[in-house]
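*Asks:* My structure file run.txt, compact mmCIF, C-alpha atoms, is below:
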# COMPACT_ATOMS: atom_id res chain seq x y z
CA MET A 54 43.46 -106.06 168.55
CA LYS A 55 41.03 -107.06 165.77
CA ILE A 56 42.58 -104.68 163.31
CA SER A 57 46.09 -105.94 163.99
CA ARG A 58 44.91 -109.52 163.44
CA LEU A 59 43.39 -108.60 160.10
CA GLY A 60 46.67 -106.92 159.18
CA GLY A 61 48.51 -110.13 160.06
CA VAL A 62 46.26 -112.23 157.82
CA LEU A 63 46.76 -109.79 154.95
CA GLU A 64 50.51 -109.93 155.40
CA TRP A 65 50.50 -113.74 155.34
CA CYS A 66 48.48 -113.53 152.12
CA ALA A 67 51.14 -111.25 150.71
CA VAL A 68 53.83 -113.76 151.71
CA LEU A 69 51.93 -116.53 149.94
CA ILE A 70 51.32 -114.51 146.78
CA LEU A 71 54.93 -113.39 146.60
CA PHE A 72 56.05 -116.98 147.10
CA ILE A 73 53.87 -118.24 144.23
CA ILE A 74 55.10 -115.47 141.91
CA LEU A 75 58.66 -116.27 142.90
CA LEU A 76 58.18 -119.96 142.10
CA TRP A 77 56.75 -119.06 138.69
CA VAL A 78 59.42 -116.49 137.89
CA SER A 79 62.33 -118.68 139.00
CA GLY A 80 61.17 -121.73 137.09
CA LEU A 81 61.20 -123.90 140.19
CA ASP A 82 57.69 -124.98 139.28
CA ARG A 83 59.09 -126.70 136.18
CA GLY A 84 58.92 -130.38 135.50
CA SER A 85 56.26 -132.97 136.00
CA PHE A 86 55.35 -135.29 138.83
CA THR A 87 55.24 -138.26 136.46
CA ALA A 88 57.73 -139.56 133.88
CA GLN A 89 54.92 -139.75 131.33
CA GLY A 90 54.06 -136.11 132.00
CA ALA A 91 57.66 -135.02 131.45
CA HIS A 92 57.79 -137.00 128.19
CA GLU A 93 54.63 -135.32 126.91
CA LEU A 94 55.96 -131.95 127.98
CA SER A 95 59.21 -132.66 126.16
CA GLU A 96 57.49 -133.48 122.86
CA ARG A 97 54.96 -130.67 123.12
CA SER A 98 57.63 -128.04 123.69
CA TYR A 99 59.78 -129.50 120.90
CA HIS A 100 56.77 -129.40 118.54
CA TYR A 101 57.12 -133.06 117.70
CA GLY A 102 54.56 -135.81 118.04
CA PRO A 103 52.69 -136.79 120.16
CA SER A 104 54.45 -140.03 119.37
CA LYS A 105 53.05 -143.47 119.94
CA VAL A 106 55.06 -144.94 122.79
CA VAL A 107 55.96 -148.49 121.77
CA ARG A 108 58.07 -149.28 124.79
CA LYS A 109 58.96 -147.63 128.09
CA VAL A 110 62.45 -148.54 129.30
CA GLN A 111 63.29 -147.88 132.93
CA VAL A 112 67.08 -147.47 132.81
CA ASP A 113 67.39 -146.87 136.53
CA GLN A 114 65.37 -145.30 139.29
CA ASP A 115 65.89 -141.79 137.91
CA THR A 116 65.85 -142.39 134.16
CA VAL A 117 63.12 -143.53 131.78
CA VAL A 118 63.41 -143.81 127.99
CA PHE A 119 60.25 -143.65 125.88
CA LEU A 120 60.77 -145.47 122.59
CA GLY A 121 58.21 -144.13 120.20
CA THR A 122 57.23 -143.66 116.59
CA TYR A 123 55.42 -140.78 114.96
CA LYS A 124 54.55 -140.85 111.26
CA GLN A 125 57.86 -141.42 109.40
CA TRP A 126 60.07 -140.83 112.47
CA PHE A 127 61.17 -142.63 115.61
CA SER A 128 62.63 -141.31 118.85
CA ALA A 129 63.99 -142.33 122.24
CA ASP A 130 62.87 -139.49 124.46
CA THR A 131 64.54 -139.58 127.85
CA VAL A 132 63.30 -138.08 131.09
CA THR A 133 65.20 -137.88 134.36
CA TRP A 134 64.19 -137.34 137.94
CA SER A 135 65.85 -134.46 139.74
CA HIS A 136 64.77 -131.83 142.25
CA PHE A 137 61.68 -133.87 143.19
CA LYS A 138 60.28 -133.88 139.65
CA TRP A 139 60.68 -135.46 136.22
CA HIS A 140 62.34 -133.33 133.53
CA PRO A 141 63.01 -133.70 129.78
CA SER A 142 66.62 -134.72 129.19
CA GLY A 143 67.25 -135.43 125.51
CA GLY A 144 66.52 -137.74 122.62
CA VAL A 145 63.19 -136.08 121.88
CA ALA A 146 64.04 -135.33 118.24
CA GLY A 147 62.47 -137.63 115.68
CA VAL A 148 64.85 -139.54 113.40
CA PRO A 149 63.65 -140.59 109.92
CA LYS A 150 62.85 -144.31 109.68
CA ASN A 151 64.30 -144.29 106.14
CA PRO A 152 62.15 -147.17 104.84
CA GLU A 153 64.49 -147.71 101.87
CA LYS A 154 67.22 -148.81 104.28
CA PRO A 155 67.19 -152.10 106.24
CA LEU A 156 67.48 -150.19 109.49
CA ALA A 157 67.86 -146.65 110.76
CA TYR A 158 69.70 -145.66 113.91
CA SER A 159 70.77 -142.72 116.03
CA TRP A 160 72.70 -142.29 119.22
CA ASP A 161 73.43 -139.74 121.91
CA MET A 162 75.76 -139.51 124.82
CA LYS A 163 75.91 -137.39 127.91
CA SER A 164 79.18 -138.10 129.66
CA THR A 165 78.48 -136.08 132.78
CA GLY A 166 75.54 -134.68 134.62
CA SER A 167 73.57 -135.19 137.77
CA ASP A 168 72.50 -138.59 136.46
CA GLY A 169 76.11 -139.72 136.01
CA GLY A 170 75.89 -139.66 132.23
CA MET A 171 74.27 -142.01 129.77
CA ALA A 172 75.04 -143.46 126.36
CA LYS A 173 72.19 -144.54 124.09
CA PHE A 174 72.21 -146.24 120.72
CA TYR A 175 68.76 -146.78 119.30
CA GLY A 176 67.04 -147.47 116.06
CA TYR A 177 64.20 -148.73 113.95
CA VAL A 178 64.35 -151.89 111.84
CA ASN A 179 62.58 -151.73 108.47
CA ASP A 180 63.67 -155.08 107.02
CA PRO A 181 61.20 -157.72 108.30
CA ASP A 182 63.87 -160.44 107.89
CA ILE A 183 66.14 -158.84 110.48
CA VAL A 184 65.27 -160.42 113.82
CA THR A 185 68.39 -159.50 115.81
CA VAL A 186 70.61 -156.44 115.89
CA GLU A 187 74.19 -156.53 117.10
CA LEU A 188 76.12 -153.46 118.19
CA GLY A 189 79.90 -153.55 118.42
CA VAL A 190 81.18 -151.16 121.04
CA VAL A 191 84.47 -150.19 122.69
CA MET A 192 84.32 -148.84 126.21
CA GLU A 193 87.31 -146.99 127.54
CA GLU A 194 87.83 -146.40 131.24
CA ARG A 195 88.83 -142.74 131.45
CA GLY A 196 90.84 -143.14 134.65
CA SER A 197 92.94 -146.18 133.81
CA ASN A 198 92.95 -145.99 130.00
CA THR A 199 91.87 -149.59 129.70
CA ALA A 200 89.54 -150.41 126.88
CA THR A 201 87.13 -153.28 126.60
CA SER A 202 85.50 -154.15 123.34
CA GLY A 203 82.50 -156.29 122.93
CA SER A 204 79.19 -156.63 121.23
CA GLU A 205 75.66 -156.69 122.46
CA ARG A 206 72.65 -158.25 120.84
CA GLN A 207 69.00 -157.49 121.00
CA ARG A 208 66.04 -159.34 119.55
CA ILE A 209 63.66 -157.28 117.50
CA SER A 210 60.06 -157.56 118.62
CA ASP A 211 56.87 -156.41 116.94
CA ASP A 212 57.56 -152.78 117.71
CA ARG A 213 60.64 -152.93 115.38
CA MET A 214 62.71 -150.76 117.74
CA PHE A 215 65.89 -151.40 119.67
CA LEU A 216 67.73 -149.53 122.39
CA PHE A 217 71.17 -150.18 123.85
CA VAL A 218 71.75 -148.07 126.91
CA TRP A 219 74.56 -147.70 129.44
CA LYS A 220 75.31 -145.45 132.36
CA THR A 221 78.66 -143.98 131.30
CA GLU A 222 80.18 -143.97 134.82
CA GLY A 223 83.46 -142.43 133.71
CA ARG A 224 83.75 -144.43 130.50
CA ASP A 225 84.02 -143.25 126.91
CA PHE A 226 82.05 -145.14 124.30
CA SER A 227 82.85 -145.61 120.66
CA TRP A 228 80.60 -147.51 118.31
CA GLN A 229 82.29 -150.04 116.02
CA SER A 230 79.53 -151.46 113.89
CA ILE A 231 75.82 -152.13 113.72
CA LYS A 232 74.59 -155.38 112.22
CA GLY A 233 71.23 -156.82 111.40
CA LEU A 234 70.98 -160.61 111.53
CA ASP A 235 68.32 -162.88 110.09
CA ARG A 236 66.69 -165.93 111.66
CA GLU A 237 69.70 -168.13 110.79
CA GLY A 238 72.10 -165.63 112.31
CA LYS A 239 73.42 -164.53 108.93
CA VAL A 240 74.36 -160.88 108.51
CA ARG A 241 71.78 -159.10 106.35
CA TYR A 242 73.00 -155.61 107.05
CA GLU A 243 76.24 -154.25 108.36
CA HIS A 244 77.47 -150.74 108.77
CA LYS A 245 80.91 -149.86 110.10
CA LEU A 246 80.82 -146.94 112.49
CA GLN A 247 84.57 -146.54 112.93
CA MET B 54 51.63 -110.39 172.89
CA ARG B 55 55.14 -111.71 172.38
CA ASN B 56 53.86 -114.33 169.85
CA VAL B 57 52.20 -111.62 167.83
CA THR B 58 55.49 -109.73 167.46
CA VAL B 59 57.43 -112.83 166.45
CA GLY B 60 54.81 -113.70 163.84
CA MET B 61 54.92 -110.17 162.51
CA MET B 62 58.69 -110.24 162.27
CA ILE B 63 58.70 -113.56 160.42
CA ARG B 64 56.14 -112.55 157.84
CA ARG B 65 57.68 -109.17 157.24
CA LEU B 66 61.09 -110.75 156.88
CA LEU B 67 59.62 -113.21 154.36
CA ILE B 68 57.94 -110.41 152.43
CA PHE B 69 61.21 -108.53 152.35
CA VAL B 70 63.27 -111.52 151.20
CA PHE B 71 60.79 -112.63 148.53
CA ALA B 72 60.34 -109.10 147.23
CA ALA B 73 64.10 -108.63 147.04
CA LEU B 74 64.55 -111.91 145.11
CA LEU B 75 61.75 -110.91 142.74
CA LEU B 76 63.31 -107.53 142.13
CA PHE B 77 66.61 -109.14 141.18
CA GLN B 78 64.81 -111.26 138.62
CA LEU B 79 62.64 -108.44 137.31
CA VAL B 80 65.64 -106.25 136.61
CA ASP B 81 66.64 -108.80 133.97
CA TRP B 82 63.39 -108.25 132.13
CA LEU B 83 63.54 -104.48 131.89
CA PRO B 84 62.81 -103.74 128.23
CA TRP B 85 66.07 -101.86 127.78
CA ARG B 86 68.07 -104.75 129.17
CA ASP B 87 66.94 -107.37 126.68
CA GLY B 88 70.00 -107.01 124.49
CA ASN B 89 68.13 -105.73 121.42
CA ARG B 90 70.11 -102.53 121.34
CA LEU B 91 73.33 -104.48 121.45
CA MET B 92 72.15 -106.63 118.55
CA ILE B 93 71.17 -103.61 116.47
CA THR B 94 74.48 -101.94 117.26
CA ASP B 95 76.17 -105.12 116.10
CA LEU B 96 74.15 -105.06 112.86
CA LYS B 97 75.30 -101.48 112.27
CA ASN B 98 78.86 -102.75 112.07
CA ASP B 99 77.87 -104.11 108.66
CA GLY B 100 77.08 -100.61 107.42
CA ARG B 101 73.59 -99.43 106.53
CA VAL B 102 70.81 -101.25 108.36
CA THR B 103 67.30 -101.26 106.93
CA ALA B 104 64.59 -102.28 109.36
CA TYR B 105 61.12 -103.44 108.42
CA PRO B 106 58.48 -103.74 111.13
CA VAL B 107 56.45 -106.88 110.44
CA ASN B 108 54.60 -107.92 113.61
CA ARG B 109 52.92 -110.95 112.12
CA LYS B 110 52.04 -114.09 113.99
CA LEU B 111 52.34 -117.76 113.20
CA ASN B 112 50.51 -120.36 115.23
CA MET B 113 52.62 -123.34 116.24
CA ASP B 114 50.46 -125.90 117.97
CA ASP B 115 49.26 -123.90 120.96
CA ASP B 116 52.16 -121.48 120.90
CA THR B 117 52.57 -118.23 119.03
CA PHE B 118 55.60 -117.13 117.07
CA THR B 119 55.64 -113.42 116.25
CA LEU B 120 57.99 -112.07 113.64
CA LYS B 121 58.62 -108.63 115.09
CA GLU B 122 61.04 -107.05 112.64
CA LEU B 123 63.28 -107.89 109.77
CA TYR B 124 66.68 -106.24 109.44
CA ILE B 125 68.71 -106.15 106.27
CA THR B 126 72.36 -105.24 105.95
CA SER B 127 74.80 -105.85 103.13
CA LYS B 128 76.16 -108.87 105.00
CA ARG B 129 73.16 -110.53 106.58
CA THR B 130 69.45 -110.69 107.18
CA ALA B 131 68.24 -110.81 110.76
CA ILE B 132 64.83 -111.36 112.26
CA ARG B 133 63.70 -110.53 115.75
CA TYR B 134 61.01 -112.78 117.12
CA ALA B 135 58.91 -113.20 120.21
CA TYR B 136 57.69 -116.63 121.16
CA ARG B 137 54.79 -117.14 123.57
CA LYS B 138 54.20 -120.55 125.04
CA LYS B 139 50.94 -121.85 126.37
CA VAL B 140 52.79 -124.28 128.60
CA ARG B 141 55.95 -122.46 129.55
CA ASP B 142 57.97 -125.51 130.50
CA GLY B 143 60.17 -127.73 128.36
CA TRP B 144 62.62 -127.14 125.50
CA SER B 145 63.39 -123.76 124.09
CA PHE B 146 62.10 -122.88 120.65
CA PRO B 147 63.88 -124.89 117.91
CA THR B 148 65.06 -121.99 115.75
CA SER B 149 66.25 -124.25 112.94
CA SER B 150 62.58 -124.75 112.09
CA ILE B 151 62.51 -121.20 110.72
CA LYS B 152 63.58 -120.72 107.09
CA LEU B 153 63.70 -117.58 104.99
CA LEU B 154 63.09 -117.81 101.25
CA ASP B 155 63.87 -115.00 98.86
CA ALA B 156 61.50 -113.88 96.08
CA SER B 157 62.65 -116.69 93.77
CA GLY B 158 62.15 -119.32 96.46
CA ASN B 159 65.81 -119.86 97.35
CA GLU B 160 66.44 -120.64 100.97
CA LEU B 161 68.78 -118.29 102.81
CA ILE B 162 71.29 -120.18 104.92
CA GLN B 163 70.80 -119.73 108.64
CA HIS B 164 73.86 -118.62 110.56
CA GLY B 165 72.80 -118.85 114.14
CA ALA B 166 70.36 -117.60 116.68
CA SER B 167 70.22 -116.24 120.17
CA SER B 168 67.40 -115.99 122.65
CA THR B 169 66.50 -114.87 126.12
CA GLY B 170 64.00 -116.89 128.10
CA VAL B 171 61.14 -115.31 130.00
CA PRO B 172 58.49 -117.19 132.00
CA TRP B 173 55.95 -116.77 129.19
CA GLY B 174 58.28 -117.84 126.38
CA GLU B 175 61.35 -116.30 124.85
CA ASN B 176 62.57 -113.40 122.74
CA GLY B 177 65.31 -113.87 120.24
CA TRP B 178 67.14 -113.25 117.01
CA ILE B 179 67.86 -115.48 114.02
CA TYR B 180 70.50 -114.63 111.42
CA PHE B 181 70.55 -115.56 107.75
CA ASP B 182 72.47 -114.89 104.54
CA PRO B 183 72.03 -111.41 103.02
CA LEU B 184 69.06 -110.92 100.71
CA PRO B 185 69.68 -110.21 97.02
CA SER B 186 69.54 -106.44 96.48
CA GLY B 187 66.21 -105.08 95.41
CA THR B 188 64.24 -107.83 97.14
CA LYS B 189 60.70 -106.65 97.69
CA LYS B 190 59.12 -109.77 99.05
CA LEU B 191 60.20 -112.88 100.86
CA THR B 192 58.69 -115.79 102.73
CA LEU B 193 59.20 -117.03 106.24
CA ARG B 194 58.60 -120.75 106.33
CA TYR B 195 58.06 -122.83 109.43
CA ASP B 196 59.17 -126.34 108.56
CA TRP B 197 59.45 -128.81 111.40
CA TYR B 198 58.62 -132.51 111.06
CA ASP B 199 54.99 -132.61 109.94
CA ARG B 200 54.38 -128.98 110.85
CA GLN B 201 54.52 -126.47 108.04
CA SER B 202 53.26 -122.97 107.55
CA GLU B 203 54.30 -119.85 105.69
CA LEU B 204 54.25 -116.16 106.22
CA PRO B 205 54.65 -113.94 103.14
CA ILE B 206 56.49 -110.72 103.93
CA LEU B 207 56.33 -107.62 101.79
CA LEU B 208 59.18 -105.19 102.33
CA GLU B 209 57.42 -101.87 102.15
CA LYS B 210 57.54 -99.63 105.15
CA GLU B 211 61.07 -99.01 106.26
CA GLU B 212 61.86 -97.92 109.74
CA SER B 213 64.77 -95.85 110.81
CA THR B 214 67.19 -97.58 113.14
CA GLN B 215 68.84 -94.36 114.21
Would you give me this structure, written as structure tokens?
*Replies:*
Amino acid sequence: MKISRLGGVLEWCAVLILFIILLWVSGLDRGSFTAQGAHELSERSYHYGPSKVVRKVQVDQDTVVFLGTYKQWFSADTVTWSHFKWHPSGGVAGVPKNPEKPLAYSWDMKSTGSDGGMAKFYGYVNDPDIVTVELGVVMEERGSNTATSGSERQRISDDRMFLFVWKTEGRDFSWQSIKGLDREGKVRYEHKLQ
Amino acid sequence: MRNVTVGMMIRRLLIFVFAALLLFQLVDWLPWRDGNRLMITDLKNDGRVTAYPVNRKLNMDDDTFTLKELYITSKRTAIRYAYRKKVRDGWSFPTSSIKLLDASGNELIQHGASSTGVPWGENGWIYFDPLPSGTKKLTLRYDWYDRQSELPILLEKEESTQ
């Protein structure tokens, strides 16, 4: 009886060890329990940064964007929650601030995915006289082929960064223009994107 | 007595299932299944392949990039690398950070890369322009944001690919 019990314990140990190896091998142990952890993991594995997070933008329950700067670059690293953990999901790459230009921008779009897709347009403002940025955008409903155009504005705060973000939800996005406005609302910088 | 048998059945079933799943995964990592032979066969389509064993390491933050071999054909230059990560998770290795410079410092254009992930990192190939004939030394440069390092490579010992 005693021997068979010992055998049982050993077999349960084997089950546990096999299970841990299986988790490791399959990659199911990936991800982080915190959004911050996933962001750090993202930058570390991309060999960029660690950036200084200037703003954390909670897009929705499952998506967080970390606006950050690192030396002469800026980034909008995005992490998403899936399978009970936070995972890197794009935007980790640093974009040059290009100090000789009034502002620098980048964008990325994921039209599908477990998170329903997301469109981001983000940037870094070098010109201290630009206090507002305005993005012209056309959104096209994929199902009904109806397009709506509009523009969105954002005030530039001390961190000099901006981020326009949408859940795509079956829409296609095309950028029309990016403008930088001064205190009087006059256009100091304009770049056509179409 | 009955409980003991049920417990035994459950744990043995679990052992069997887990072991079977592991085996499936392990088969993928058999050294002769890593696709290297296919790659070398593909290189041989270019004609004569000259292989140089290098086996030199570059430290990238806490990770290690090992340049295993360099292959030269008349149409391209290929390197085989192994990449070991301290923290296995996250993005795969950004291969565009790897540049090859010929003896006069000209950068060879990169034409693509392929890799296979393993839990401890990845193994892969990067392809570049052909080297000028008679090249005896070249430089592998790691250039990625504020990270830079170089690995001089002398092409001395050839290795048969037959």
*Asks:* Could you give me, as a list in words, the residues that sit within 7 Å of (56.9, -108.6, 113.6) in the file's coordinates, counting all atoms listed in the file?
*Replies:*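 Every residue inside that radius is included here: Pro106, Val107, Asn108, Arg109, Thr119, Leu120, Lys121, Glu122 and Tyr134 of chain B.
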*Asks:* For Gly238 of chain A, find every residue with an atom within 10 Å (counting all atoms listed in the file), except residues of its own chain fewer than 2 positions away, and show them as an mmCIF file with C-alpha atoms, in the frame of the given file.
*Replies:*
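Dumped everything to result.cif:
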data_model
loop_
_atom_site.group_PDB
_atom_site.id
_atom_site.type_symbol
_atom_site.label_atom_id
_atom_site.label_comp_id
_atom_site.auth_asym_id
_atom_site.auth_seq_id
_atom_site.Cartn_x
_atom_site.Cartn_y
_atom_site.Cartn_z
ATOM 1 C CA ILE A 183 66.140 -158.840 110.480
ATOM 2 C CA VAL A 184 65.270 -160.420 113.820
ATOM 3 C CA THR A 185 68.390 -159.500 115.810
ATOM 4 C CA VAL A 186 70.610 -156.440 115.890
ATOM 5 C CA GLY A 233 71.230 -156.820 111.400
ATOM 6 C CA LEU A 234 70.980 -160.610 111.530
ATOM 7 C CA ASP A 235 68.320 -162.880 110.090
ATOM 8 C CA ARG A 236 66.690 -165.930 111.660
ATOM 9 C CA VAL A 240 74.360 -160.880 108.510
ATOM 10 C CA ARG A 241 71.780 -159.100 106.350
#
*Asks:* Between A:Phe137, A:Tyr158, A:Phe119, A:Ala146, single out the one closest to chain B, counting all atoms listed in the file.
*Replies:*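 Of A:Phe137, A:Tyr158, A:Phe119, A:Ala146, the one nearest chain B, counting all atoms listed in the file, is A:Ala146.
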*Asks:* Need to verify the contact set: Trp126 of chain A, 8 Å, only C-alpha atoms, exclusion of same-chain residues closer than 6 positions in sequence. Can you return it as a list in words?
*Replies:*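 After dropping sequence-adjacent residues, the list is Gly147, Val148, Pro149 and Lys150 of chain A.
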*Asks:* Separation of atom CA of Met171 of chain A and atom CA of Val106 of chain A, in Å?
*Replies:* 20.6 Å
*Asks:* Show me which bits of chain B are within 8 Å of chain A, counting only C-alpha atoms, as a PyMOL selection string.
*Replies:* chain B and resi 61+64-65+67-68+71-72+74-75+78+113-114+140+142-147+172+197-198
*Asks:* In Å, how far is it from atom CA of Ser210 of chain A to atom CA of Trp134 of chain A?
*Replies:*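 Distance between the two atoms: 28.3 Å.
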*Asks:* May I have the centre and edge lengths, in Å to one decimal, of an axis-aligned box around the listed atoms of segment 230-240 of chain A with 8 Å added to every side, as JSON?
*Replies:*
{"center_x": 73.1, "center_y": -159.8, "center_z": 111.2, "size_x": 28.8, "size_y": 32.7, "size_z": 21.4}
*Asks:* Contacts of segment 95-99 of chain B at 12 Å or less, counting all atoms listed in the file, minus same-chain residues fewer than 5 places along, as a VMD selection string?
*Replies:* chain B and resid 88 to 90 104 123 to 132 178 180 183 214 to 215
*Asks:* So how far away is atom CA of Tyr175 of chain A from atom CA of Asp196 of chain B, in Å?
*Replies:*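 Spanning atom CA of Asp196 of chain B to atom CA of Tyr175 of chain A is a straight-line distance of 25.0 Å.
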*Asks:* Can you list, as number ranges by chain, every protein, DNA or RNA residue that comes within 7 Å of Arg141 of chain B when you count all atoms listed in the file, leaving out same-chain residues fewer than 3 positions away?
*Replies:* B: 138, 172-174
*Asks:* For Ile231 of chain A, list every protein, DNA or RNA residue within 6 Å, evaluated using all atoms listed in the file, and leave out those in the same chain fewer than 2 positions away; present the list as a VMD selection string.
*Replies:* chain A and resid 187 to 188 243 to 244
*Asks:* Restricting it to C-alpha atoms, dump the selection as an mmCIF file, keeping the file's coordinate frame.
*Replies:*
data_model
loop_
_atom_site.group_PDB
_atom_site.id
_atom_site.type_symbol
_atom_site.label_atom_id
_atom_site.label_comp_id
_atom_site.auth_asym_id
_atom_site.auth_seq_id
_atom_site.Cartn_x
_atom_site.Cartn_y
_atom_site.Cartn_z
ATOM 1 C CA GLU A 187 74.190 -156.530 117.100
ATOM 2 C CA LEU A 188 76.120 -153.460 118.190
ATOM 3 C CA GLU A 243 76.240 -154.250 108.360
ATOM 4 C CA HIS A 244 77.470 -150.740 108.770
#
*Asks:* Could I see segment 134-151 of chain A restored to N, CA and C atoms, set down as a CSV table (one decimal), keeping the file's coordinate frame?
*Replies:*
chain,number,residue,atom,x,y,z
A,134,TRP,N,64.7,-137.8,136.7
A,134,TRP,CA,64.2,-137.3,137.9
A,134,TRP,C,65.2,-136.5,138.6
A,135,SER,N,64.9,-135.3,138.9
A,135,SER,CA,65.8,-134.5,139.7
A,135,SER,C,65.0,-133.3,140.4
A,136,HIS,N,65.5,-132.9,141.5
A,136,HIS,CA,64.8,-131.8,142.2
A,136,HIS,C,63.3,-132.2,142.4
A,137,PHE,N,63.0,-133.4,142.8
A,137,PHE,CA,61.7,-133.9,143.2
A,137,PHE,C,60.7,-134.0,142.0
A,138,LYS,N,61.2,-133.8,140.8
A,138,LYS,CA,60.3,-133.9,139.6
A,138,LYS,C,61.0,-134.5,138.5
A,139,TRP,N,60.2,-134.9,137.5
A,139,TRP,CA,60.7,-135.5,136.2
A,139,TRP,C,60.9,-134.3,135.2
A,140,HIS,N,62.0,-134.4,134.5
A,140,HIS,CA,62.3,-133.3,133.5
A,140,HIS,C,62.8,-133.9,132.2
A,141,PRO,N,62.5,-133.2,131.1
A,141,PRO,CA,63.0,-133.7,129.8
A,141,PRO,C,64.5,-133.7,129.8
A,142,SER,N,65.2,-134.7,129.2
A,142,SER,CA,66.6,-134.7,129.2
A,142,SER,C,67.3,-135.2,127.9
A,143,GLY,N,66.6,-135.2,126.8
A,143,GLY,CA,67.2,-135.4,125.5
A,143,GLY,C,66.7,-136.6,124.7
A,144,GLY,N,67.0,-136.7,123.5
A,144,GLY,CA,66.5,-137.7,122.6
A,144,GLY,C,65.1,-137.5,122.1
A,145,VAL,N,64.6,-136.3,122.3
A,145,VAL,CA,63.2,-136.1,121.9
A,145,VAL,C,63.1,-136.0,120.4
A,146,ALA,N,64.1,-135.6,119.7
A,146,ALA,CA,64.0,-135.3,118.2
A,146,ALA,C,63.7,-136.6,117.5
A,147,GLY,N,62.8,-136.5,116.5
A,147,GLY,CA,62.5,-137.6,115.7
A,147,GLY,C,63.6,-137.9,114.6
A,148,VAL,N,63.9,-139.2,114.4
A,148,VAL,CA,64.8,-139.5,113.4
A,148,VAL,C,64.1,-140.2,112.3
A,149,PRO,N,64.4,-139.9,111.0
A,149,PRO,CA,63.6,-140.6,109.9
A,149,PRO,C,63.8,-142.1,109.9
A,150,LYS,N,62.8,-142.8,109.7
A,150,LYS,CA,62.8,-144.3,109.7
A,150,LYS,C,63.6,-144.8,108.4
A,151,ASN,N,63.6,-143.9,107.4
A,151,ASN,CA,64.3,-144.3,106.1
A,151,ASN,C,63.9,-145.7,105.6
